[in-house]
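Have a look at the structure below before the remarks.
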There are 2 protein chains.
Amino acid sequence: MRFLRAHAALTRELSSRLEAVHELTLSDFDVLVQLYYAENRRMRRIDLARSVLLTASGITRLLDGLESSGLVGKERCESDARVTYAVLTDAGVRKIEEARESHLADIEELFGAPFSREELQQLADLLARLPLAHTSEACSA
Amino acid sequence: MRFLRAHAALTRELSSRLEAVHELTLSDFDVLVQLYYAENRRMRRIDLARSVLLTASGITRLLDGLESSGLVGKERCESDARVTYAVLTDAGVRKIEEARESHLADIEELFGAPFSREELQQLADLLARLPLAHTSEACSA
DNA sequence: CTTCTATACTTGAGTTCGCAAGGATCATAG
DNA sequence: CTATGATCCTTGCGAACTCAAGTATAGAAG
C-alpha cells in the first residue's frame with residue numbers, strides 16, 4: 001500500500017513540475033536520459049522500450065512526440081533492416097542538460113529532505129532486490 | 001530511478017494477475033479494500049478519492065464500473081445533499097474477501113520472497129516518510 | 001433574503017498507455 | 001531455395017486517468 005501511494009504522489013508531483021517547466025513527461029525525460037547516457041547517444045527502439053519499462057508500441061508513440069519536437073531522430077540500421085535507432089539530436093542534448101538540473105533539484109527536495117544518505121542507499125538497495133526491476137544502469141538519478 | 005522501475009514492473013504484474021483471476025483493476029481492488037475497512041462499509045466519494053490518490057472525476061468513472069458490476073451502491077446523504085456515499089454491497093464484500101486471498105499471495109510472492117520481515121518493515125518505514133504519501137490507514141496490505 | 005465563496009460531484013475532451021494484430025525482415029533447417 | 005519461426009516495429013482499438021468547465025448544494029456575510 002505504502003508503495004503504491006508513494007508512487008502515485010511522487011510521480012504526480014515530479015511529472016507536473018517537469019511538465020510545467022520543460023514541457024516533458026516523466027517518461028519523455030526518462031527516455032532522453034537513457035539516450036543521453038547511451039553509447040553514441042543512440043539506442044535500438046526495442047532496447048529503449050525495455051530499459052524504461054514500456055511496451056514497443058508505447059515507445060513508438062512516445063518517440064513520435066519527441067521526434068516532432070526535434071529532440072530525437074530516427075536512423076536505420078545497416079546490418080539489420082528491422083531495427084531503427086533513436087538518436088538524440090543536438091537540441092535533445094541541450095534539452096536534457098537543461099531539464100536534468102531542475103529535475104534533480106526536485107528529486108533532491110522530495111527524496112533528499114526526509115532521508116539521510118545512508119537511508120537513501122538502503123532504500124535503493126531494497127528496491128533493487130525486487131523482481132523484474134532489473135534494467136540497464138548508467139544513470140545518476 | 002529504481003523506484004519508478006520497481007513500481008512499473010510490480011504494478012504491471014500485480015494488475016494483470018488480479019485482472020486475470022478476478023476481473024479487477026488494481027485501482028478497483030484498492031477502492032474495494034478502502035470501503036471494506038471503512039465504518040459501515042461506506043465512504044463519501046471525495047474521501048475515497050483522496051485515500052486512493054485519484055481525482056474526483058477518476059472516482060466517478062471508477063465507481064461507475066463497480067456499480068454496474070453490482071459491487072458497490074450509491075446512497076444519498078441526509079444532511080448534505082451534495083455528497084453521495086459509496087457503499088459496498090454484499091456481492092462486493094464477497095468479491096473482496098475472495099480477491100484478497102489471491103492478491104495477498106501475489107504480494108507475498110513478489111515482496112515476501114526477496115525480503116526478510118525486518119527488511120519489509122524497514123522498507124515500509126522509509127516509504128512512509130516520503131512527503132505526500134499520507135493517507136488513511138486501516139489496511140492490511 | 002441575497003450574494004459570494006467553497007465544496008461535492010459529473011461530464012466532455014484529450015493524453016498516455018497496453019494488447020492484439022499485421023507487415024517486414026532475419027536466421028535456421030531441410 | 002524455401003518454409004518456419006523469431007524479432008522489430010507500427011497501427012487500431014480500448015482502458016484508465018487528468019484537467020477544465022459546469023451544476024447543485026452549503027454556509028457565511030452583508
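Residues are referred to by chain and number: the chain letter is A, B, ... according to the order shown in the C-alpha cells, the number counts from 1 in that chain, and ligands are numbered separately from 1 in the order shown.
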Quick one: residues within 10 Å of DA3 in chain D, only C-alpha atoms (C1' of nucleotides) counted, chain neighbours fewer than 2 positions away excluded, as a PDB file with N, CA and C atoms (P, O5', C5', C4', C3', O3' and C1' of nucleotides), in the first residue's frame?
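Once everything was written out, this is part-v9.pdb:
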```pdb
ATOM      1  P    DA C  29      19.672 -24.789 -37.406  1.00  0.00           P
ATOM      2  O5'  DA C  29      18.504 -25.820 -37.689  1.00  0.00           O
ATOM      3  C5'  DA C  29      17.128 -25.369 -37.745  1.00  0.00           C
ATOM      4  C4'  DA C  29      16.389 -26.229 -38.743  1.00  0.00           C
ATOM      5  C3'  DA C  29      17.138 -27.490 -39.171  1.00  0.00           C
ATOM      6  O3'  DA C  29      16.198 -28.527 -39.397  1.00  0.00           O
ATOM      7  C1'  DA C  29      16.767 -26.129 -41.059  1.00  0.00           C
ATOM      8  P    DG C  30      16.757 -30.003 -39.633  1.00  0.00           P
ATOM      9  O5'  DG C  30      16.296 -30.351 -41.110  1.00  0.00           O
ATOM     10  C5'  DG C  30      14.919 -30.598 -41.361  1.00  0.00           C
ATOM     11  C4'  DG C  30      14.574 -30.193 -42.779  1.00  0.00           C
ATOM     12  C3'  DG C  30      14.979 -31.232 -43.830  1.00  0.00           C
ATOM     13  O3'  DG C  30      13.817 -31.696 -44.508  1.00  0.00           O
ATOM     14  C1'  DG C  30      15.543 -29.012 -44.509  1.00  0.00           C
TER      15       DG C  30
ATOM     16  P    DC D   1      18.545 -19.050 -53.708  1.00  0.00           P
ATOM     17  O5'  DC D   1      17.345 -19.370 -54.673  1.00  0.00           O
ATOM     18  C5'  DC D   1      17.356 -20.698 -55.246  1.00  0.00           C
ATOM     19  C4'  DC D   1      16.193 -21.516 -54.711  1.00  0.00           C
ATOM     20  C3'  DC D   1      15.057 -20.694 -54.136  1.00  0.00           C
ATOM     21  O3'  DC D   1      13.817 -21.341 -54.440  1.00  0.00           O
ATOM     22  C1'  DC D   1      15.901 -22.142 -52.461  1.00  0.00           C
ATOM     23  P    DG D   5       6.654 -23.177 -37.404  1.00  0.00           P
ATOM     24  O5'  DG D   5       7.644 -22.287 -36.527  1.00  0.00           O
ATOM     25  C5'  DG D   5       9.000 -22.687 -36.364  1.00  0.00           C
ATOM     26  C4'  DG D   5       9.811 -21.519 -35.846  1.00  0.00           C
ATOM     27  C3'  DG D   5       9.028 -20.630 -34.871  1.00  0.00           C
ATOM     28  O3'  DG D   5       9.908 -20.232 -33.827  1.00  0.00           O
ATOM     29  C1'  DG D   5       9.827 -19.326 -36.641  1.00  0.00           C
TER      30       DG D   5
END
```
- Task: Give me the residues within 9 Å of range 19-24 of chain C as a ChimeraX atom specification, counting only C-alpha atoms (C1' of nucleotides) and dropping any in the same chain fewer than 3 places off.
- Result: /A:81-82 /D:8-12
- Neighbours of chain C in chain B at 12 Å, counting only C-alpha atoms (C1' of nucleotides), as a PyMOL selection string: chain B and resi 8+12+15-16+44-47+49+55-61+64+76-77+80-85
Could the residues of chain D that have an atom at most 12 Å from chain B be listed as JSON lines, each with its closest atom pair and the distance in Å to one decimal, counting only C-alpha atoms (C1' of nucleotides) and ordered by chain and ascending residue number?
```
{"residue": "D:DA15", "atom": "C1'", "partner": "B:Thr25", "partner_atom": "CA", "distance": 10.4}
{"residue": "D:DA16", "atom": "C1'", "partner": "B:Gly58", "partner_atom": "CA", "distance": 8.4}
{"residue": "D:DC17", "atom": "C1'", "partner": "B:Gly58", "partner_atom": "CA", "distance": 6.4}
{"residue": "D:DT18", "atom": "C1'", "partner": "B:Thr55", "partner_atom": "CA", "distance": 7.6}
{"residue": "D:DC19", "atom": "C1'", "partner": "B:Ser57", "partner_atom": "CA", "distance": 9.6}
{"residue": "D:DA20", "atom": "C1'", "partner": "B:Ser57", "partner_atom": "CA", "distance": 11.3}
{"residue": "D:DT23", "atom": "C1'", "partner": "B:Arg82", "partner_atom": "CA", "distance": 10.8}
{"residue": "D:DA24", "atom": "C1'", "partner": "B:Arg82", "partner_atom": "CA", "distance": 7.1}
{"residue": "D:DT25", "atom": "C1'", "partner": "B:Arg82", "partner_atom": "CA", "distance": 5.4}
{"residue": "D:DA26", "atom": "C1'", "partner": "B:Asp80", "partner_atom": "CA", "distance": 7.6}
{"residue": "D:DG27", "atom": "C1'", "partner": "B:Asp80", "partner_atom": "CA", "distance": 11.5}
```
Could you write out the selected residues, including C-alpha atoms (C1' of nucleotides), as a PDB file, in the first residue's frame?
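Saved as result.pdb:
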```
ATOM      1  C1'  DA D  15      -8.974   1.377 -20.871  1.00  0.00           C
ATOM      2  C1'  DA D  16      -7.698   4.429 -17.188  1.00  0.00           C
ATOM      3  C1'  DC D  17      -6.755   8.869 -15.951  1.00  0.00           C
ATOM      4  C1'  DT D  18      -6.498  14.064 -15.701  1.00  0.00           C
ATOM      5  C1'  DC D  19      -7.952  18.783 -16.486  1.00  0.00           C
ATOM      6  C1'  DA D  20     -11.279  22.221 -17.229  1.00  0.00           C
ATOM      7  C1'  DT D  23     -24.268  22.027 -11.978  1.00  0.00           C
ATOM      8  C1'  DA D  24     -26.069  21.837  -7.476  1.00  0.00           C
ATOM      9  C1'  DT D  25     -25.836  22.496  -2.656  1.00  0.00           C
ATOM     10  C1'  DA D  26     -23.995  24.646   1.793  1.00  0.00           C
ATOM     11  C1'  DG D  27     -22.547  28.218   4.719  1.00  0.00           C
TER      12       DG D  27
END
```
- From a DSSP calculation on the backbone, collect every residue of range 3-44 of chain A in helix (DSSP H, G or I) and output the set as a PyMOL selection string. chain A and resi 3-22+26-37+39-41
- For chain B, which residue out of A:Thr89, A:Asn40, A:Gln122, A:Ser69 is the nearest one, using only C-alpha atoms?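 Answer, going by the shortest atom-to-atom distance: A:Gln122.
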- Please determine the contact residues of chain B with respect to chain A at a cut-off of 9 Å, counting only C-alpha atoms, and supply them as a VMD selection string. chain B and resid 1 to 11 30 51 to 54 110 to 111 113 to 115 119 to 120 122 to 135 139 to 141
Keeping C-alpha atoms for every residue in the selection just given, could you write it to a file as a CSV table (one decimal), in the first residue's frame?
```csv
chain,number,residue,atom,x,y,z
B,1,MET,CA,15.1,5.5,-11.0
B,2,ARG,CA,14.8,2.3,-9.1
B,3,PHE,CA,11.7,3.5,-7.5
B,4,LEU,CA,10.0,4.2,-10.9
B,5,ARG,CA,11.2,0.9,-12.4
B,6,ALA,CA,10.1,-1.1,-9.4
B,7,HIS,CA,6.7,0.4,-9.5
B,8,ALA,CA,6.2,-0.1,-13.2
B,9,ALA,CA,7.2,-3.7,-13.0
B,10,LEU,CA,5.3,-4.6,-9.9
B,11,THR,CA,2.0,-2.9,-10.8
B,30,ASP,CA,-7.8,-0.6,-3.8
B,51,SER,CA,-7.5,7.9,0.1
B,52,VAL,CA,-6.6,6.1,-3.1
B,53,LEU,CA,-5.0,9.2,-4.6
B,54,LEU,CA,-7.3,9.7,-7.6
B,110,LEU,CA,6.8,-10.6,-5.1
B,111,PHE,CA,7.6,-8.8,-1.8
B,113,ALA,CA,10.4,-13.7,-1.3
B,114,PRO,CA,13.3,-11.3,-1.6
B,115,PHE,CA,13.0,-9.8,1.8
B,119,GLU,CA,13.6,-5.6,5.8
B,120,LEU,CA,10.0,-5.3,4.8
B,122,GLN,CA,12.3,-1.1,7.1
B,123,LEU,CA,11.1,-0.5,3.6
B,124,ALA,CA,7.6,0.4,4.8
B,125,ASP,CA,9.0,2.9,7.3
B,126,LEU,CA,11.2,4.5,4.7
B,127,LEU,CA,8.4,4.9,2.2
B,128,ALA,CA,6.1,6.2,4.9
B,129,ARG,CA,8.4,9.1,5.4
B,130,LEU,CA,8.0,10.4,1.8
B,131,PRO,CA,6.1,13.6,1.6
B,132,LEU,CA,2.5,13.5,0.2
B,133,ALA,CA,2.2,9.8,0.9
B,134,HIS,CA,0.0,10.2,3.9
B,135,THR,CA,-3.4,8.7,3.6
B,139,CYS,CA,-5.4,-1.7,5.8
B,140,SER,CA,-3.6,-4.9,5.9
B,141,ALA,CA,-1.8,-4.9,2.6
```
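Atom to atom, CA of Tyr37 in chain A and CA of Leu71 in chain A stand 14.9 Å apart.
For Arg100 in chain B, the residues within 12 Å (counting only C-alpha atoms (C1' of nucleotides), excluding itself and residues fewer than 6 positions away along the chain) are Leu18, Val21, His22, Leu24, Leu26, Phe29, Asp30, Leu32, Val33, Tyr36, Gly92, Val93, Arg94, Asp106, Ile107, Glu108, Cys139, Ser140 and Ala141 of chain B.
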- Message: So the first atom is CA of Glu75 in chain A and the second is CA of Lys95 in chain A; what is the distance between them in Å, to one decimal place?
- Response: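 Separating CA of Glu75 in chain A from CA of Lys95 in chain A is a distance of 20.0 Å.
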- To one decimal in Å, tell me the separation between CA of Leu35 in chain A and CA of Val72 in chain A.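 A separation of 9.1 Å between them.
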- Based on DSSP run over this structure's backbone, return all residues of range 60-89 of chain A in strand (DSSP E or B), as number ranges by chain. A: 72-76, 84-88
Would you save the residues from that selection as a PDB file, in the first residue's frame, using C-alpha atoms?
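Result went into part22.pdb, see below:
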```pdb
ATOM      1  CA  VAL A  72      15.381  12.789 -31.181  1.00  0.00           C
ATOM      2  CA  GLY A  73      15.836  11.468 -34.699  1.00  0.00           C
ATOM      3  CA  LYS A  74      15.466   8.157 -36.436  1.00  0.00           C
ATOM      4  CA  GLU A  75      18.272   6.239 -38.068  1.00  0.00           C
ATOM      5  CA  ARG A  76      18.166   2.990 -39.947  1.00  0.00           C
ATOM      6  CA  THR A  84      15.584   1.588 -36.174  1.00  0.00           C
ATOM      7  CA  TYR A  85      17.745   3.635 -33.876  1.00  0.00           C
ATOM      8  CA  ALA A  86      16.562   6.523 -31.822  1.00  0.00           C
ATOM      9  CA  VAL A  87      19.249   9.210 -31.715  1.00  0.00           C
ATOM     10  CA  LEU A  88      19.425  12.229 -29.512  1.00  0.00           C
TER      11      LEU A  88
END
```
